[in-house]
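K.L.:
Quick one, structure33.cif (mmCIF, C-alpha atoms and all ligand atoms):
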```cif
data_my_file
loop_
_atom_site.group_PDB
_atom_site.id
_atom_site.type_symbol
_atom_site.label_atom_id
_atom_site.label_comp_id
_atom_site.auth_asym_id
_atom_site.auth_seq_id
_atom_site.Cartn_x
_atom_site.Cartn_y
_atom_site.Cartn_z
ATOM 1 C CA MET A 22 327.952 174.868 97.283
ATOM 2 C CA GLY A 23 324.392 175.001 98.458
ATOM 3 C CA CYS A 24 322.658 174.363 95.165
ATOM 4 C CA ARG A 25 323.780 170.766 94.841
ATOM 5 C CA LEU A 26 321.139 168.114 95.327
ATOM 6 C CA GLU A 27 322.095 166.113 98.377
ATOM 7 C CA ILE A 28 320.654 163.460 100.609
ATOM 8 C CA PRO A 29 320.526 164.953 104.117
ATOM 9 C CA TYR A 30 323.059 162.570 105.601
ATOM 10 C CA SER A 31 322.235 163.693 109.125
ATOM 11 C CA SER A 32 318.839 162.020 108.791
ATOM 12 C CA PHE A 33 320.591 158.638 108.679
ATOM 13 C CA LYS A 34 322.613 159.225 111.808
ATOM 14 C CA SER A 35 320.133 157.625 114.204
ATOM 15 C CA ALA A 36 320.421 154.287 112.378
ATOM 16 C CA ASN A 37 324.134 154.275 113.050
ATOM 17 C CA ASP A 38 324.613 155.666 116.500
ATOM 18 C CA LYS A 39 327.269 153.198 117.563
ATOM 19 C CA PRO A 40 330.515 154.616 116.231
ATOM 20 C CA SER A 41 332.876 152.002 114.861
ATOM 21 C CA ARG A 42 336.595 152.266 114.347
ATOM 22 C CA ILE A 43 336.226 153.027 110.680
ATOM 23 C CA ASP A 44 334.111 156.066 111.468
ATOM 24 C CA ALA A 45 337.128 157.544 113.186
ATOM 25 C CA LEU A 46 339.063 157.340 109.939
ATOM 26 C CA LYS A 47 339.467 160.390 107.840
ATOM 27 C CA LEU A 48 337.497 159.728 104.693
ATOM 28 C CA PRO A 49 338.101 161.808 101.589
ATOM 29 C CA ALA A 50 336.132 165.056 101.870
ATOM 30 C CA ASP A 51 333.328 163.985 99.543
ATOM 31 C CA MET A 52 333.069 160.394 100.810
ATOM 32 C CA TYR A 53 330.618 159.169 103.433
ATOM 33 C CA VAL A 54 330.005 155.891 105.239
ATOM 34 C CA LEU A 55 326.980 154.222 103.680
ATOM 35 C CA PRO A 56 324.142 153.813 106.198
ATOM 36 C CA ASP A 57 322.624 150.345 106.488
ATOM 37 C CA MET A 58 319.942 149.978 103.837
ATOM 38 C CA ALA A 59 318.478 147.423 101.454
ATOM 39 C CA LEU A 60 320.532 146.909 98.314
ATOM 40 C CA ALA A 61 317.501 147.984 96.262
ATOM 41 C CA ASP A 62 317.411 151.312 98.100
ATOM 42 C CA VAL A 63 320.968 152.368 97.271
ATOM 43 C CA PRO A 64 320.440 155.426 95.071
ATOM 44 C CA GLU A 65 321.587 155.120 91.468
ATOM 45 C CA TRP A 66 323.739 158.209 91.817
ATOM 46 C CA PHE A 67 325.813 156.795 94.667
ATOM 47 C CA ILE A 68 329.278 155.616 93.673
ATOM 48 C CA LEU A 69 330.095 152.821 96.116
ATOM 49 C CA PHE A 70 333.441 151.858 97.566
ATOM 50 C CA GLY A 71 334.627 149.168 99.905
ATOM 51 C CA PHE A 72 336.577 150.883 102.657
ATOM 52 C CA CYS A 73 338.985 149.128 105.024
ATOM 53 C CA LYS A 74 340.074 150.437 108.399
ATOM 54 C CA CYS A 75 343.659 150.388 107.070
ATOM 55 C CA GLY A 76 342.596 153.219 104.762
ATOM 56 C CA TYR A 77 342.453 151.218 101.537
ATOM 57 C CA PHE A 78 339.367 151.657 99.393
ATOM 58 C CA ARG A 79 338.246 150.407 96.048
ATOM 59 C CA GLY A 80 335.288 151.050 93.765
ATOM 60 C CA ILE A 81 332.377 148.593 93.902
ATOM 61 C CA ASN A 82 330.534 147.572 90.767
ATOM 62 C CA ILE A 83 326.969 148.143 91.923
ATOM 63 C CA LYS A 84 325.440 146.543 88.826
ATOM 64 C CA GLN A 85 327.306 143.300 89.464
ATOM 65 C CA THR A 86 326.404 143.475 93.137
ATOM 66 C CA ARG A 87 322.722 143.928 92.337
ATOM 67 C CA ALA A 88 322.863 140.981 89.916
ATOM 68 C CA LYS A 89 324.473 138.735 92.507
ATOM 69 C CA PHE A 90 322.466 139.447 95.654
ATOM 70 C CA PRO A 91 318.732 139.771 96.364
ATOM 71 C CA PRO A 92 317.375 143.353 96.401
ATOM 72 C CA SER A 93 316.431 142.957 100.064
ATOM 73 C CA SER A 94 320.061 142.293 101.103
ATOM 74 C CA ARG A 95 321.233 144.740 103.762
ATOM 75 C CA THR A 96 324.347 146.693 102.927
ATOM 76 C CA SER A 97 325.652 146.009 106.450
ATOM 77 C CA GLU A 98 325.498 142.273 105.666
ATOM 78 C CA LEU A 99 327.099 142.630 102.240
ATOM 79 C CA ALA A 100 329.941 144.636 103.748
ATOM 80 C CA ARG A 101 331.055 141.492 105.573
ATOM 81 C CA PHE A 102 332.064 140.008 102.230
ATOM 82 C CA LEU A 103 334.424 142.858 101.476
ATOM 83 C CA HIS A 104 338.002 141.708 101.479
ATOM 84 C CA CYS A 105 340.868 144.170 101.648
ATOM 85 C CA LYS A 106 343.562 143.521 99.076
ATOM 86 C CA ARG A 107 346.117 145.532 101.007
ATOM 87 C CA CYS A 108 345.979 144.235 104.596
ATOM 88 C CA GLY A 109 343.873 141.103 104.061
ATOM 89 C CA CYS A 110 341.205 142.258 106.494
ATOM 90 C CA LYS A 111 337.787 140.694 106.000
ATOM 91 C CA GLY A 112 334.572 141.128 107.951
ATOM 92 C CA ASP A 113 335.328 144.551 109.390
ATOM 93 C CA ASN A 114 335.106 146.646 106.262
ATOM 94 C CA ARG A 115 332.426 149.119 105.307
ATOM 95 C CA PHE A 116 330.735 150.526 102.272
ATOM 96 C CA THR A 117 331.318 154.177 101.612
ATOM 97 C CA PHE A 118 329.941 156.328 98.853
ATOM 98 C CA LYS A 119 330.454 159.444 96.850
ATOM 99 C CA GLN A 120 327.614 161.198 95.132
ATOM 100 C CA MET A 121 327.803 161.417 91.398
ATOM 101 C CA LEU A 122 327.468 165.013 90.323
ATOM 102 C CA ARG A 123 324.426 165.517 88.157
ATOM 103 C CA ASP A 124 323.447 168.476 86.081
HETATM 104 ZN ZN ZN V 201 342.980 146.871 104.762
#
```
Could you show the structure in this file as structure tokens?
Ligand SMILES: [Zn+2]
P.N.:
Amino acid sequence: MGCRLEIPYSSFKSANDKPSRIDALKLPADMYVLPDMALADVPEWFILFGFCKCGYFRGINIKQTRAKFPPSSRTSELARFLHCKRCGCKGDNRFTFKQMLRD
């Protein structure tokens, strides 16, 4: 650890100061809640997931998402379209991400 290129996640914290229920969930160690940002600003090396408060998560095809929605779409808005296949929850899900390891 220490030599890996990382976005300083703490710098996003101020944009998200209201904790939601999903933030209380235990995410996998290398997974983070995606801060609200424009779709165009999601870094290429982020692997996106839709994450439900029931704990279910599933990979998001970012290329398809970019093709379907305008680049200025906010990720917080897009997250409303996420639909959980396990508990049926819609509208209260979040995007999470892992960072692709690069050499
Ligand atoms: Zn669910």
K.L.:
Considering all atoms listed in the file, give me a table of residues in chain A that are at most 6 Å from ligand ZN 201 (chain V), with the closest atom pair and distance in Å for each, as a Markdown table.
P.N.:
```
| residue | atom | partner | partner_atom | distance |
| --- | --- | --- | --- | --- |
| A:Cys73 | CA | V:ZN201 | ZN | 4.6 |
| A:Lys74 | CA | V:ZN201 | ZN | 5.9 |
| A:Cys75 | CA | V:ZN201 | ZN | 4.3 |
| A:Tyr77 | CA | V:ZN201 | ZN | 5.4 |
| A:Cys105 | CA | V:ZN201 | ZN | 4.6 |
| A:Arg107 | CA | V:ZN201 | ZN | 5.1 |
| A:Cys108 | CA | V:ZN201 | ZN | 4.0 |
| A:Gly109 | CA | V:ZN201 | ZN | 5.9 |
| A:Cys110 | CA | V:ZN201 | ZN | 5.2 |
```
K.L.:
Can you tell me, as a PyMOL selection string, which residues sit within 12 Å of (321.1, 153.9, 97.0) in the file's frame, using all atoms listed in the file?
P.N.:
chain A and resi 28+55-69+83-84+87+92+95-96+116-121
K.L.:
Could the residues in this selection be saved with C-alpha atoms as a PDB file, in the frame of the given file?
P.N.:
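out39.pdb was written with the following content:
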```pdb
ATOM      1  CA  ILE A  28     320.654 163.460 100.609  1.00  0.00           C
ATOM      2  CA  LEU A  55     326.980 154.222 103.680  1.00  0.00           C
ATOM      3  CA  PRO A  56     324.142 153.813 106.198  1.00  0.00           C
ATOM      4  CA  ASP A  57     322.624 150.345 106.488  1.00  0.00           C
ATOM      5  CA  MET A  58     319.942 149.978 103.837  1.00  0.00           C
ATOM      6  CA  ALA A  59     318.478 147.423 101.454  1.00  0.00           C
ATOM      7  CA  LEU A  60     320.532 146.909  98.314  1.00  0.00           C
ATOM      8  CA  ALA A  61     317.501 147.984  96.262  1.00  0.00           C
ATOM      9  CA  ASP A  62     317.411 151.312  98.100  1.00  0.00           C
ATOM     10  CA  VAL A  63     320.968 152.368  97.271  1.00  0.00           C
ATOM     11  CA  PRO A  64     320.440 155.426  95.071  1.00  0.00           C
ATOM     12  CA  GLU A  65     321.587 155.120  91.468  1.00  0.00           C
ATOM     13  CA  TRP A  66     323.739 158.209  91.817  1.00  0.00           C
ATOM     14  CA  PHE A  67     325.813 156.795  94.667  1.00  0.00           C
ATOM     15  CA  ILE A  68     329.278 155.616  93.673  1.00  0.00           C
ATOM     16  CA  LEU A  69     330.095 152.821  96.116  1.00  0.00           C
ATOM     17  CA  ILE A  83     326.969 148.143  91.923  1.00  0.00           C
ATOM     18  CA  LYS A  84     325.440 146.543  88.826  1.00  0.00           C
ATOM     19  CA  ARG A  87     322.722 143.928  92.337  1.00  0.00           C
ATOM     20  CA  PRO A  92     317.375 143.353  96.401  1.00  0.00           C
ATOM     21  CA  ARG A  95     321.233 144.740 103.762  1.00  0.00           C
ATOM     22  CA  THR A  96     324.347 146.693 102.927  1.00  0.00           C
ATOM     23  CA  PHE A 116     330.735 150.526 102.272  1.00  0.00           C
ATOM     24  CA  THR A 117     331.318 154.177 101.612  1.00  0.00           C
ATOM     25  CA  PHE A 118     329.941 156.328  98.853  1.00  0.00           C
ATOM     26  CA  LYS A 119     330.454 159.444  96.850  1.00  0.00           C
ATOM     27  CA  GLN A 120     327.614 161.198  95.132  1.00  0.00           C
ATOM     28  CA  MET A 121     327.803 161.417  91.398  1.00  0.00           C
TER      29      MET A 121
END
```
K.L.:
Can you tell me how far CA of Gly112 (chain A) sits from CA of Pro49 (chain A), in Å to one decimal?
P.N.:
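If I compute the distance from CA of Gly112 (chain A) to CA of Pro49 (chain A), I get 21.9 Å.
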K.L.:
Suppose you want the space between CA of Lys47 (chain A) and CA of Thr86 (chain A); what is it in Å?
P.N.:
25.9 Å
K.L.:
Please write the residues picked by the PyMOL selection byres (((chain A and resi 115) around 6) and not hetatm) on this file as a PyMOL selection string.
P.N.:
chain A and resi 71-72+100+114+116
K.L.:
Show me, as lines of an AutoDock Vina configuration file, the centre and edge lengths in Å to one decimal of the axis-aligned box that covers every listed atom of region 92-108 of chain A with 4 Å on each side.
P.N.:
```
center_x = 331.3
center_y = 143.4
center_z = 101.4
size_x = 37.7
size_y = 14.7
size_z = 18.0
```
K.L.:
Just how far from CA of Phe102 (chain A) is CA of Asp51 (chain A), in Å to one decimal?
P.N.:
24.2 Å
